[in-house]
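Each remark here refers to the structure printed beneath this line.
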Amino acid sequence: MPREAQVIGPTPSQAVVSWTGGKDCNLALLWAWRNPELNVVGLLTFVPEDIEFKAHPLRIQEVQAVALGLPLRKVTIPKGTTDYKAAYREGMARLGVEVIVTGDMDLVDGMPNWMEECAAGLEGMKIALPLWKADRVVCLERLVAESFRVVFSCVKSPWLDKGWVGREITPGVIDEMKEIAKRKPPGDDALPLDIGGENGEFHTMCLNGPLYEPGLYLQCEAEPRELVGEPG
């Protein structure tokens with residue numbers, strides 16, 4: 001399908017979308033694309049020199065960017081960085097845009113929103129949070145309704161097992177997740193499944209959607225690998 005045309009008003013703000021390749025940043029991109037007050041000029045990802053994010057591989061993000069027709073702007077976080085907020089802020093200051101759109105949905109461990117904290121003090125910089133406090137199920141259902149193809153790239157026990165890796169988000173999968181969320185997982189401190197994955201229960205990658213031309217095709221040639229004590 002041809003890519004949906006971007007809606008741009010007479011005096012839009014230049015914007016980039018904070019990018020991991022997962023479900024939430026794709027919904028945030030779609031919101032920004034259809035917002036006449038914004039002109040989306042690229043995607044933004046932060047890349048630590050010493051860590052490879054296995055749930056959101058950079059090489060897949062690069063292919064997504066090509067399919068979306070947008071440049072993927074990379075802010076490198078140098079190895080040995082101790083002040084991550086300063087490193088993020090410095091990278092943001094070099095972007096030359098007015099708005100960073102992020103798919104963040106909620107507080108993490110009760111802390112203030114990281115992107116807003118990093119952007120604080122940067123003159124003319126705004127953070128847009130179109131999914132903030134959004135209903136998790138509604139967001140998943142919207143992915144299906146908008147014809148996104150989203151797969152699980154990483155899952156965490158005790159909520160989900162390795163059989164979920166590679167599965168696509170469908171109405172049936174959403175129903176399964178609702179049932180899992182009703183159950184108390186093993187462990188004294190384990191919380192019920194957050195259907196949006198906001199507590200790190202799972203991560204996703206998007207393979208297709210209304211802005212992709214063409215979509216991505218991935219073939220898993222190995223069994224999912226268990227990560228114990230490893231970042232990513």
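Residue numbers start at 1 in each chain; chains themselves are named A, B, ... in the order of the structure tokens; ligands are numbered from 1 in the order shown.
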Within 10 Å of Cys139 in chain A using only C-alpha atoms, minus same-chain residues under 6 positions, as JSON, numbers by chain | {"A": [23, 24, 27, 131, 145, 195, 196]}
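The shell of residues at most 10 Å from Gly96 in chain A, with only C-alpha atoms counted and near chain neighbours (fewer than 3 positions) removed, consists of Gln14, Ala15, Val16, Met92, Ala93, Val99, Gly124 and Met125 of chain A.
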Hey, what does DSSP flag as strand (DSSP E) within range 75-171 of chain A? Can you give it to me as number ranges by chain?
-> A: 75-77, 99-101, 126-128, 149-155
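Between Lys126 in chain A and the candidates A:Arg167, A:Leu38, A:Pro48, A:Gly215, the tightest atom-to-atom separation, counting only C-alpha atoms, involves A:Leu38.
For Phe46 in chain A, the list of residues within 6 Å, based on only C-alpha atoms and with local chain neighbours fewer than 6 positions off taken out, reads A:Lys74, A:Val75, A:Thr76.
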Would you export the selected residues with N, CA and C atoms as a PDB file, in the first residue's frame, please?
ATOM      1  N   LYS A  74      20.912   9.303  15.200  1.00  0.00           N
ATOM      2  CA  LYS A  74      21.480   8.555  16.321  1.00  0.00           C
ATOM      3  C   LYS A  74      22.286   9.472  17.224  1.00  0.00           C
ATOM      4  N   VAL A  75      21.968   9.435  18.505  1.00  0.00           N
ATOM      5  CA  VAL A  75      22.742  10.144  19.506  1.00  0.00           C
ATOM      6  C   VAL A  75      23.542   9.096  20.272  1.00  0.00           C
ATOM      7  N   THR A  76      24.854   9.130  20.108  1.00  0.00           N
ATOM      8  CA  THR A  76      25.714   8.140  20.758  1.00  0.00           C
ATOM      9  C   THR A  76      25.972   8.539  22.207  1.00  0.00           C
TER      10      THR A  76
END
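A straight line drawn from CA of Ile180 in chain A to CA of Glu201 in chain A is 11.8 Å long.
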Env of Asp50 in chain A: 9 Å cut, atoms = only C-alpha atoms, seq-sep filter 4 positions within chain, self excluded. Answer as a compact mmCIF listing (two decimals) with all heavy atoms, in the first residue's frame.
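For reference, out37.txt as written:
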# COMPACT_ATOMS: atom_id res chain seq x y z
N ILE A 77 25.78 7.58 23.11
CA ILE A 77 26.10 7.78 24.51
C ILE A 77 27.46 7.13 24.75
O ILE A 77 27.59 5.90 24.70
CB ILE A 77 25.03 7.15 25.43
CG1 ILE A 77 23.63 7.65 25.05
CG2 ILE A 77 25.35 7.45 26.89
CD1 ILE A 77 23.43 9.14 25.16
N PRO A 78 28.52 7.92 24.97
CA PRO A 78 29.88 7.37 25.05
C PRO A 78 30.03 6.34 26.17
O PRO A 78 29.37 6.40 27.21
CB PRO A 78 30.74 8.60 25.34
CG PRO A 78 29.93 9.77 24.87
CD PRO A 78 28.50 9.39 25.13
N LYS A 79 30.89 5.37 25.91
CA LYS A 79 31.23 4.37 26.92
C LYS A 79 31.81 5.07 28.15
O LYS A 79 32.60 5.99 28.04
CB LYS A 79 32.24 3.38 26.35
CG LYS A 79 32.58 2.22 27.27
CD LYS A 79 33.53 1.26 26.59
CE LYS A 79 33.86 0.08 27.50
NZ LYS A 79 34.77 -0.88 26.84
N GLY A 80 31.37 4.62 29.31
CA GLY A 80 31.87 5.20 30.55
C GLY A 80 31.08 6.41 31.02
O GLY A 80 31.43 7.01 32.04
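Among the candidate residues A:Glu116, A:Asp135, A:Arg183, A:His203, the one lying nearest to Lys156 in chain A is A:His203, with distances computed using only C-alpha atoms.
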Would you mind telling me which residue in A:Glu168, A:Glu117, A:Glu213, A:Asp104 lies nearest to Val17 in chain A when using only C-alpha atoms?
-> A:Asp104
Can you check which residues of range 62-213 of chain A DSSP gives as helix (DSSP H, G or I) on the backbone and send them as an NGL selection string?
-> :A and (62-68 or 84-93 or 114-119 or 136-145 or 162-164 or 171-181)
As a check of understanding: the span from CA of Asn113 in chain A to CA of Val144 in chain A is 27.3 Å
Near Ile60 in chain A, counting only C-alpha atoms, which residues have an atom at most 10 Å away, once you skip same-chain residues fewer than 2 positions from it, shown as a PyMOL selection string?
-> chain A and resi 20-21+56-58+62-66+205-207+216+218
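The space between CA of Ile127 in chain A and CA of Thr11 in chain A spans 18.1 Å.
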